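Colleague: What follows is query28.txt, compact mmCIF, N, CA and C atoms and all ligand atoms.
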```
# COMPACT_ATOMS: atom_id res chain seq x y z
N MET U 245 75.35 -74.04 198.32
CA MET U 245 76.61 -74.39 197.61
C MET U 245 77.22 -73.16 196.98
N GLY U 246 78.28 -73.37 196.22
CA GLY U 246 79.05 -72.25 195.70
C GLY U 246 78.49 -71.63 194.44
N ARG U 247 79.28 -70.73 193.90
CA ARG U 247 78.81 -69.92 192.77
C ARG U 247 79.13 -70.51 191.40
N LEU U 248 79.81 -71.64 191.38
CA LEU U 248 80.19 -72.20 190.07
C LEU U 248 78.98 -72.44 189.18
N LYS U 249 77.86 -72.74 189.80
CA LYS U 249 76.64 -73.01 189.00
C LYS U 249 76.19 -71.78 188.21
N ASN U 250 76.64 -70.59 188.64
CA ASN U 250 76.28 -69.36 187.91
C ASN U 250 77.23 -69.06 186.75
N CYS U 251 78.35 -69.76 186.70
CA CYS U 251 79.34 -69.51 185.65
C CYS U 251 79.04 -70.48 184.51
N LYS U 252 79.01 -69.97 183.30
CA LYS U 252 78.62 -70.89 182.23
C LYS U 252 79.18 -70.47 180.88
N ILE U 253 79.27 -71.47 180.00
CA ILE U 253 79.65 -71.22 178.61
C ILE U 253 78.43 -70.64 177.90
N ILE U 254 78.63 -69.55 177.18
CA ILE U 254 77.56 -68.93 176.40
C ILE U 254 77.94 -68.98 174.93
N GLN U 255 77.01 -69.47 174.12
CA GLN U 255 77.24 -69.49 172.67
C GLN U 255 76.80 -68.17 172.08
N LEU U 256 77.65 -67.56 171.27
CA LEU U 256 77.40 -66.23 170.71
C LEU U 256 76.89 -66.35 169.28
N PRO U 257 76.26 -65.28 168.77
CA PRO U 257 75.83 -65.31 167.38
C PRO U 257 77.03 -65.46 166.45
N LYS U 258 76.82 -66.16 165.35
CA LYS U 258 77.90 -66.33 164.38
C LYS U 258 77.32 -66.12 162.98
N ILE U 259 77.80 -65.12 162.29
CA ILE U 259 77.35 -64.87 160.93
C ILE U 259 78.39 -65.51 160.01
N THR U 260 78.00 -66.64 159.45
CA THR U 260 78.93 -67.40 158.61
C THR U 260 78.95 -66.82 157.20
N ASP U 261 80.14 -66.65 156.68
CA ASP U 261 80.29 -66.03 155.36
C ASP U 261 81.55 -66.61 154.73
N ARG U 262 81.52 -66.86 153.43
CA ARG U 262 82.72 -67.44 152.80
C ARG U 262 83.89 -66.47 152.87
N ARG U 263 83.62 -65.18 153.08
CA ARG U 263 84.69 -64.19 153.19
C ARG U 263 85.27 -64.12 154.60
N GLY U 264 84.67 -64.89 155.51
CA GLY U 264 85.09 -64.84 156.91
C GLY U 264 83.87 -64.65 157.79
N ASN U 265 83.95 -65.10 159.02
CA ASN U 265 82.79 -65.09 159.91
C ASN U 265 82.79 -63.87 160.84
N ILE U 266 81.60 -63.55 161.35
CA ILE U 266 81.46 -62.44 162.30
C ILE U 266 80.75 -62.95 163.55
N THR U 267 81.27 -62.57 164.70
CA THR U 267 80.58 -62.80 165.96
C THR U 267 80.49 -61.47 166.67
N PHE U 268 79.38 -61.21 167.34
CA PHE U 268 79.21 -59.93 168.04
C PHE U 268 78.61 -60.16 169.42
N ILE U 269 78.82 -59.17 170.28
CA ILE U 269 78.35 -59.26 171.67
C ILE U 269 77.75 -57.91 172.04
N GLU U 270 76.52 -57.92 172.57
CA GLU U 270 75.88 -56.67 172.98
C GLU U 270 75.58 -56.71 174.47
N ASN U 271 75.78 -55.54 175.11
CA ASN U 271 75.50 -55.34 176.54
C ASN U 271 74.19 -55.96 176.95
N ASN U 272 74.23 -56.78 178.00
CA ASN U 272 72.99 -57.30 178.60
C ASN U 272 72.12 -58.15 177.68
N ARG U 273 72.57 -58.37 176.46
CA ARG U 273 71.80 -59.23 175.56
C ARG U 273 72.44 -60.61 175.49
N HIS U 274 73.71 -60.63 175.13
CA HIS U 274 74.39 -61.92 175.02
C HIS U 274 75.14 -62.26 176.28
N ILE U 275 75.49 -61.22 177.06
CA ILE U 275 76.15 -61.46 178.35
C ILE U 275 75.40 -60.64 179.41
N PRO U 276 75.40 -61.15 180.67
CA PRO U 276 74.50 -60.55 181.68
C PRO U 276 75.10 -59.36 182.42
N PHE U 277 75.80 -58.46 181.72
CA PHE U 277 76.29 -57.24 182.38
C PHE U 277 76.65 -56.21 181.32
N GLU U 278 76.86 -54.96 181.80
CA GLU U 278 77.29 -53.87 180.92
C GLU U 278 78.81 -53.89 180.83
N ILE U 279 79.31 -53.74 179.63
CA ILE U 279 80.77 -53.81 179.42
C ILE U 279 81.38 -52.43 179.66
N LYS U 280 82.33 -52.36 180.61
CA LYS U 280 83.00 -51.09 180.89
C LYS U 280 84.46 -51.13 180.46
N ARG U 281 84.98 -52.34 180.26
CA ARG U 281 86.42 -52.48 179.97
C ARG U 281 86.62 -53.72 179.13
N VAL U 282 87.58 -53.63 178.23
CA VAL U 282 87.98 -54.78 177.40
C VAL U 282 89.49 -54.89 177.52
N TYR U 283 89.99 -56.10 177.75
CA TYR U 283 91.44 -56.29 177.69
C TYR U 283 91.73 -57.65 177.08
N TYR U 284 92.95 -57.85 176.64
CA TYR U 284 93.28 -59.13 176.03
C TYR U 284 94.69 -59.56 176.40
N LEU U 285 94.83 -60.85 176.52
CA LEU U 285 96.10 -61.48 176.85
C LEU U 285 96.63 -62.13 175.58
N TYR U 286 97.87 -61.93 175.29
CA TYR U 286 98.45 -62.50 174.06
C TYR U 286 99.95 -62.68 174.27
N ASP U 287 100.61 -63.33 173.32
CA ASP U 287 102.05 -63.62 173.45
C ASP U 287 102.34 -64.37 174.75
N VAL U 288 101.44 -65.26 175.14
CA VAL U 288 101.67 -66.03 176.37
C VAL U 288 102.66 -67.15 176.05
N PRO U 289 103.80 -67.21 176.70
CA PRO U 289 104.77 -68.27 176.40
C PRO U 289 104.23 -69.65 176.78
N GLY U 290 104.60 -70.67 176.05
CA GLY U 290 104.16 -72.04 176.32
C GLY U 290 104.41 -72.40 177.78
N GLY U 291 103.44 -73.05 178.40
CA GLY U 291 103.60 -73.52 179.77
C GLY U 291 103.26 -72.47 180.83
N GLU U 292 103.04 -71.23 180.41
CA GLU U 292 102.73 -70.17 181.39
C GLU U 292 101.27 -70.24 181.84
N SER U 293 101.01 -69.70 183.02
CA SER U 293 99.63 -69.57 183.46
C SER U 293 99.39 -68.14 183.93
N ARG U 294 98.12 -67.72 183.86
CA ARG U 294 97.73 -66.37 184.27
C ARG U 294 96.58 -66.48 185.26
N GLY U 295 96.12 -65.34 185.72
CA GLY U 295 95.02 -65.37 186.68
C GLY U 295 95.57 -65.65 188.07
N GLY U 296 94.90 -66.57 188.79
CA GLY U 296 95.33 -66.83 190.16
C GLY U 296 94.80 -65.76 191.09
N HIS U 297 93.51 -65.44 190.94
CA HIS U 297 92.87 -64.48 191.83
C HIS U 297 91.35 -64.58 191.67
N ALA U 298 90.64 -63.87 192.55
CA ALA U 298 89.19 -63.73 192.43
C ALA U 298 88.87 -62.24 192.47
N HIS U 299 87.64 -61.90 192.12
CA HIS U 299 87.19 -60.51 192.19
C HIS U 299 85.98 -60.41 193.09
N LYS U 300 85.92 -59.32 193.85
CA LYS U 300 84.80 -59.14 194.78
C LYS U 300 83.51 -58.76 194.05
N GLN U 301 83.61 -57.87 193.06
CA GLN U 301 82.42 -57.34 192.41
C GLN U 301 82.36 -57.60 190.90
N LEU U 302 83.51 -57.86 190.32
CA LEU U 302 83.63 -57.84 188.85
C LEU U 302 82.97 -59.04 188.17
N HIS U 303 82.22 -58.77 187.12
CA HIS U 303 81.72 -59.81 186.22
C HIS U 303 82.63 -59.80 185.00
N GLN U 304 82.92 -60.97 184.45
CA GLN U 304 83.78 -61.03 183.28
C GLN U 304 83.26 -62.07 182.29
N PHE U 305 83.66 -61.87 181.05
CA PHE U 305 83.31 -62.83 180.00
C PHE U 305 84.58 -63.07 179.19
N ILE U 306 85.00 -64.33 179.11
CA ILE U 306 86.29 -64.69 178.53
C ILE U 306 86.10 -65.45 177.22
N ILE U 307 86.78 -65.00 176.19
CA ILE U 307 86.65 -65.62 174.87
C ILE U 307 88.04 -65.98 174.34
N ALA U 308 88.15 -67.14 173.72
CA ALA U 308 89.37 -67.48 172.98
C ALA U 308 89.20 -66.87 171.59
N ALA U 309 89.59 -65.61 171.43
CA ALA U 309 89.41 -64.91 170.15
C ALA U 309 90.26 -65.59 169.08
N SER U 310 91.37 -66.19 169.50
CA SER U 310 92.22 -66.97 168.60
C SER U 310 92.89 -68.07 169.42
N GLY U 311 93.11 -69.23 168.81
CA GLY U 311 93.78 -70.32 169.52
C GLY U 311 92.92 -70.88 170.64
N SER U 312 93.57 -71.42 171.65
CA SER U 312 92.83 -72.08 172.73
C SER U 312 93.59 -71.98 174.05
N PHE U 313 92.84 -72.17 175.14
CA PHE U 313 93.43 -72.22 176.49
C PHE U 313 92.37 -72.79 177.42
N ASP U 314 92.77 -73.05 178.65
CA ASP U 314 91.84 -73.57 179.66
C ASP U 314 91.61 -72.52 180.73
N VAL U 315 90.41 -72.51 181.28
CA VAL U 315 90.10 -71.67 182.44
C VAL U 315 89.66 -72.60 183.55
N VAL U 316 90.35 -72.56 184.68
CA VAL U 316 89.97 -73.38 185.82
C VAL U 316 89.27 -72.47 186.82
N LEU U 317 88.02 -72.82 187.15
CA LEU U 317 87.23 -72.03 188.10
C LEU U 317 87.07 -72.79 189.41
N ASP U 318 87.06 -72.05 190.49
CA ASP U 318 86.98 -72.63 191.82
C ASP U 318 86.16 -71.67 192.67
N ASP U 319 85.05 -72.16 193.23
CA ASP U 319 84.21 -71.27 194.05
C ASP U 319 84.43 -71.53 195.54
N GLY U 320 85.45 -72.29 195.87
CA GLY U 320 85.74 -72.61 197.28
C GLY U 320 85.12 -73.93 197.69
N PHE U 321 84.21 -74.45 196.85
CA PHE U 321 83.55 -75.73 197.16
C PHE U 321 83.89 -76.77 196.10
N GLU U 322 83.91 -76.32 194.84
CA GLU U 322 84.29 -77.23 193.76
C GLU U 322 85.11 -76.49 192.71
N ARG U 323 85.77 -77.28 191.87
CA ARG U 323 86.70 -76.76 190.88
C ARG U 323 86.33 -77.37 189.53
N LYS U 324 86.34 -76.56 188.48
CA LYS U 324 85.95 -77.07 187.16
C LYS U 324 86.85 -76.48 186.09
N ARG U 325 87.27 -77.31 185.14
CA ARG U 325 88.13 -76.85 184.04
C ARG U 325 87.32 -76.70 182.76
N PHE U 326 87.43 -75.54 182.12
CA PHE U 326 86.74 -75.28 180.85
C PHE U 326 87.81 -75.12 179.78
N HIS U 327 87.61 -75.75 178.62
CA HIS U 327 88.53 -75.58 177.49
C HIS U 327 87.87 -74.64 176.49
N LEU U 328 88.51 -73.51 176.21
CA LEU U 328 87.94 -72.56 175.24
C LEU U 328 88.77 -72.63 173.96
N ASN U 329 88.10 -72.90 172.85
CA ASN U 329 88.83 -73.05 171.58
C ASN U 329 88.04 -72.59 170.36
N ARG U 330 86.94 -71.85 170.59
CA ARG U 330 86.13 -71.34 169.47
C ARG U 330 85.84 -69.87 169.74
N SER U 331 85.90 -69.04 168.69
CA SER U 331 85.68 -67.60 168.93
C SER U 331 84.20 -67.24 169.07
N TYR U 332 83.30 -68.20 168.91
CA TYR U 332 81.87 -67.91 169.09
C TYR U 332 81.31 -68.52 170.38
N TYR U 333 82.23 -68.90 171.29
CA TYR U 333 81.83 -69.32 172.63
C TYR U 333 82.58 -68.46 173.63
N GLY U 334 81.97 -68.22 174.79
CA GLY U 334 82.70 -67.53 175.84
C GLY U 334 82.28 -68.10 177.18
N LEU U 335 83.06 -67.78 178.20
CA LEU U 335 82.77 -68.26 179.55
C LEU U 335 82.44 -67.06 180.43
N TYR U 336 81.24 -67.08 181.01
CA TYR U 336 80.82 -66.02 181.93
C TYR U 336 81.28 -66.36 183.35
N LEU U 337 81.93 -65.39 183.99
CA LEU U 337 82.41 -65.55 185.37
C LEU U 337 81.73 -64.52 186.26
N CYS U 338 81.05 -65.00 187.28
CA CYS U 338 80.43 -64.08 188.24
C CYS U 338 81.46 -63.69 189.30
N PRO U 339 81.15 -62.72 190.16
CA PRO U 339 82.10 -62.33 191.22
C PRO U 339 82.37 -63.48 192.19
N MET U 340 83.46 -63.39 192.91
CA MET U 340 83.86 -64.32 193.96
C MET U 340 84.08 -65.76 193.45
N VAL U 341 84.74 -65.84 192.30
CA VAL U 341 85.16 -67.14 191.78
C VAL U 341 86.65 -67.05 191.47
N TRP U 342 87.40 -67.99 192.02
CA TRP U 342 88.85 -68.02 191.78
C TRP U 342 89.10 -68.57 190.38
N ARG U 343 89.97 -67.91 189.61
CA ARG U 343 90.24 -68.38 188.25
C ARG U 343 91.73 -68.49 187.96
N GLU U 344 92.05 -69.52 187.17
CA GLU U 344 93.41 -69.70 186.66
C GLU U 344 93.31 -70.04 185.18
N LEU U 345 94.18 -69.47 184.37
CA LEU U 345 94.20 -69.73 182.93
C LEU U 345 95.51 -70.41 182.59
N ASP U 346 95.43 -71.54 181.85
CA ASP U 346 96.66 -72.23 181.47
C ASP U 346 96.44 -72.99 180.16
N ASN U 347 97.43 -73.77 179.78
CA ASN U 347 97.32 -74.61 178.57
C ASN U 347 97.12 -73.75 177.31
N PHE U 348 97.78 -72.60 177.24
CA PHE U 348 97.65 -71.69 176.09
C PHE U 348 98.30 -72.30 174.85
N SER U 349 97.59 -72.27 173.73
CA SER U 349 98.19 -72.70 172.47
C SER U 349 99.06 -71.56 171.94
N THR U 350 99.93 -71.86 170.99
CA THR U 350 100.74 -70.82 170.35
C THR U 350 99.82 -69.82 169.66
N GLY U 351 100.06 -68.56 169.87
CA GLY U 351 99.26 -67.53 169.20
C GLY U 351 97.90 -67.29 169.81
N ALA U 352 97.61 -67.86 170.98
CA ALA U 352 96.28 -67.69 171.58
C ALA U 352 96.06 -66.24 171.98
N VAL U 353 94.82 -65.78 171.77
CA VAL U 353 94.42 -64.45 172.23
C VAL U 353 93.21 -64.63 173.14
N CYS U 354 93.37 -64.22 174.39
CA CYS U 354 92.31 -64.33 175.39
C CYS U 354 91.67 -62.96 175.55
N LEU U 355 90.46 -62.83 175.02
CA LEU U 355 89.75 -61.56 175.05
C LEU U 355 88.83 -61.55 176.27
N VAL U 356 88.91 -60.50 177.07
CA VAL U 356 88.10 -60.43 178.30
C VAL U 356 87.25 -59.16 178.30
N LEU U 357 85.95 -59.33 178.52
CA LEU U 357 85.03 -58.21 178.69
C LEU U 357 84.74 -58.11 180.19
N ALA U 358 84.78 -56.90 180.71
CA ALA U 358 84.65 -56.75 182.17
C ALA U 358 83.62 -55.67 182.49
N SER U 359 82.97 -55.84 183.66
CA SER U 359 81.86 -54.94 184.03
C SER U 359 82.33 -53.67 184.71
N GLU U 360 83.62 -53.58 185.09
CA GLU U 360 84.13 -52.40 185.80
C GLU U 360 85.50 -52.01 185.26
N PHE U 361 85.88 -50.77 185.53
CA PHE U 361 87.25 -50.34 185.23
C PHE U 361 88.22 -51.13 186.11
N TYR U 362 89.48 -51.11 185.73
CA TYR U 362 90.49 -51.80 186.53
C TYR U 362 90.56 -51.18 187.92
N ASP U 363 90.54 -52.06 188.95
CA ASP U 363 90.61 -51.59 190.33
C ASP U 363 91.30 -52.66 191.17
N GLU U 364 92.52 -52.39 191.57
CA GLU U 364 93.28 -53.38 192.33
C GLU U 364 92.57 -53.77 193.63
N LYS U 365 91.77 -52.87 194.19
CA LYS U 365 91.08 -53.14 195.46
C LYS U 365 89.99 -54.21 195.30
N ASP U 366 89.60 -54.47 194.05
CA ASP U 366 88.57 -55.48 193.81
C ASP U 366 89.14 -56.90 193.76
N TYR U 367 90.49 -57.00 193.75
CA TYR U 367 91.13 -58.32 193.64
C TYR U 367 91.25 -59.00 194.99
N ILE U 368 91.12 -60.32 194.99
CA ILE U 368 91.56 -61.15 196.12
C ILE U 368 92.66 -62.03 195.55
N ARG U 369 93.89 -61.80 196.00
CA ARG U 369 95.02 -62.50 195.39
C ARG U 369 95.56 -63.62 196.27
N ASP U 370 94.97 -63.75 197.45
CA ASP U 370 95.43 -64.78 198.39
C ASP U 370 94.36 -65.87 198.48
N TYR U 371 94.74 -67.11 198.09
CA TYR U 371 93.73 -68.17 198.00
C TYR U 371 93.12 -68.51 199.36
N SER U 372 93.94 -68.47 200.43
CA SER U 372 93.36 -68.81 201.73
C SER U 372 92.40 -67.71 202.20
N GLU U 373 92.69 -66.48 201.85
CA GLU U 373 91.74 -65.40 202.18
C GLU U 373 90.42 -65.61 201.41
N PHE U 374 90.56 -65.99 200.12
CA PHE U 374 89.38 -66.27 199.30
C PHE U 374 88.52 -67.36 199.95
N LYS U 375 89.19 -68.45 200.37
CA LYS U 375 88.47 -69.57 201.00
C LYS U 375 87.76 -69.10 202.26
N ARG U 376 88.46 -68.31 203.06
CA ARG U 376 87.86 -67.80 204.30
C ARG U 376 86.60 -66.99 203.99
N LEU U 377 86.71 -66.13 202.98
CA LEU U 377 85.57 -65.26 202.64
C LEU U 377 84.37 -66.07 202.15
N VAL U 378 84.59 -67.03 201.24
CA VAL U 378 83.44 -67.78 200.71
C VAL U 378 82.85 -68.72 201.75
N LYS U 379 83.69 -69.30 202.59
CA LYS U 379 83.16 -70.22 203.62
C LYS U 379 82.42 -69.43 204.69
N GLY U 380 82.93 -68.25 205.04
CA GLY U 380 82.32 -67.43 206.08
C GLY U 380 80.96 -66.89 205.71
N GLU U 381 80.70 -66.84 204.41
CA GLU U 381 79.46 -66.26 203.91
C GLU U 381 78.26 -67.16 204.16
N LYS U 382 78.54 -68.45 204.28
CA LYS U 382 77.44 -69.43 204.28
C LYS U 382 76.42 -69.17 205.38
P1 LIG J 1 96.29 -59.27 186.44
O1 LIG J 1 94.82 -59.06 186.37
O2 LIG J 1 96.86 -59.60 187.79
O3 LIG J 1 96.75 -60.36 185.40
P2 LIG J 1 96.38 -61.92 185.24
O4 LIG J 1 95.29 -62.22 186.19
O5 LIG J 1 95.97 -62.08 183.83
O6 LIG J 1 97.59 -62.71 185.52
O7 LIG J 1 97.01 -57.95 185.87
C1 LIG J 1 98.40 -57.90 185.69
C2 LIG J 1 98.83 -56.45 185.75
O8 LIG J 1 98.23 -55.68 184.72
C3 LIG J 1 98.46 -55.78 187.09
O9 LIG J 1 99.61 -55.18 187.63
C4 LIG J 1 97.48 -54.70 186.72
C5 LIG J 1 97.59 -54.52 185.24
N1 LIG J 1 96.26 -54.36 184.63
C6 LIG J 1 95.77 -53.10 184.35
O10 LIG J 1 96.42 -52.09 184.63
N2 LIG J 1 94.53 -52.97 183.76
C7 LIG J 1 93.78 -54.05 183.46
O11 LIG J 1 92.64 -53.90 182.91
C8 LIG J 1 94.27 -55.37 183.78
C9 LIG J 1 93.47 -56.61 183.47
C10 LIG J 1 95.51 -55.47 184.35
```
Starting from the file, give its structure as structure tokens.
Modeller:
Amino acid sequence: MGRLKNCKIIQLPKITDRRGNITFIENNRHIPFEIKRVYYLYDVPGGESRGGHAHKQLHQFIIAASGSFDVVLDDGFERKRFHLNRSYYGLYLCPMVWRELDNFSTGAVCLVLASEFYDEKDYIRDYSEFKRLVKGEK
């Protein structure tokens, strides 16, 4: 079967304090890869969606640092929707999984930790090509 079973919600440490809470993430401890890049999506207009691609090699970890949004994952065999709305949870995405992000709340910040530098050659932006690749692998 597909790779969706490898993608999962991970609960992060949370240091609760009346002055405000802290959550932290360490390489290979809380997430299963070394972090080489961090980027974040913000100012997403209501009704917009992002993503719409897969990666050949890239591992990613997605956190709703503020607000909420949905991540829809598709491994070519099944599709699953995850709702992210807490800053101490994140979603781990392994390579070769199609992702779409939508349902952004006002002010949402989508923080992404990635295992590689940005590389356009690592993207698969055509869904039928993605399907061909995952089905052909079996
Ligand atoms: P893309 O990953 O396609 O956005 P999304 O999947 O969120 O809709 O990236 C959009 C543009 O931003 C693309 O032209 C490349 C650029 N970009 C970088 O230069 N570096 C990065 O780390 C990322 C994530 C994107």
Colleague: Looking at U:Phe305, U:Lys300, U:Glu373, U:Cys354, which one is nearest to U:Tyr284, with distances taken over all atoms listed in the file?
Modeller: U:Cys354
Colleague: Using all atoms listed in the file for the distances, tell me which of U:Ser331, U:Gln301, U:Ser359, U:Ser293 is nearest to ligand LIG 1 (chain J).
Modeller: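 Of U:Ser331, U:Gln301, U:Ser359, U:Ser293, the one nearest ligand LIG 1 (chain J), counting all atoms listed in the file, is U:Ser293.
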Colleague: Return as a VMD selection string the residues of protein, DNA or RNA that approach ligand LIG 1 (chain J) to within 12 Å, with only C-alpha atoms and all ligand atoms taken into account.
Modeller: chain U and resid 280 to 286 288 292 to 299 302 304 306 315 342 to 346 353 to 370
Colleague: Give as a VMD selection string each residue that has an atom at most 8 Å from (89.9, -66.9, 167.8) in the file, counting all atoms listed in the file.
Modeller: chain U and resid 307 to 312 329 to 332 352 to 354
Colleague: So the first atom is atom CA of U:Gly380 and the second is atom CA of U:Gly246; what is the distance between them in Å, to one decimal place?
Modeller: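 Result for atom CA of U:Gly380 versus atom CA of U:Gly246: 11.9 Å, one decimal.
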Colleague: Measure the distance from atom C of U:Val378 to atom C of U:His327 in Å and round it to one decimal.
Modeller: 26.4 Å
Colleague: Could you tell me, as number ranges by chain, which residues of stretch 245-330 of chain U DSSP assigns to helix (DSSP H, G or I) when given the backbone?
Modeller: U: 247-250
Colleague: If I take atom CA of U:Ile275 and atom N of U:Ile253, how far is one from the other in Å, to one decimal?
Modeller: 10.6 Å
Colleague: Neighbours of U:Thr267 within 12 Å (only C-alpha atoms; same-chain residues fewer than 2 positions away dropped), as a list in words?
Modeller: Gln255, Leu256, Pro257, Lys258, Ile259, Thr260, Asp261, Gly264, Asn265, Ile269, Glu270, His274, Ile307, Ala309, Arg330, Ser331, Tyr332, Tyr333 and Gly334 of chain U
Colleague: Let me make sure I understand: among U:Tyr371, U:Arg247, U:Phe277, U:Lys252, which one has the smallest atom-to-atom distance to U:Met340 if we use only C-alpha atoms?
Modeller: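 The closest residue to U:Met340 is U:Arg247.
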Colleague: Kindly indicate which residue among U:Leu337, U:Leu328, U:Ile266, U:Leu317 lies nearest to U:Cys251, using all atoms listed in the file for the distances.
Modeller: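 With all atoms listed in the file as the atom set, the closest residue is U:Leu337.
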Colleague: Please extract the residues of stretch 252-378 of chain U with a backbone DSSP assignment of strand (DSSP E or B) and present them as a PyMOL selection string.
Modeller: chain U and resi 252-255+259+266+281-285+294-299+304-310+313-318+323-328+333-337+342-346+353-358+367-368
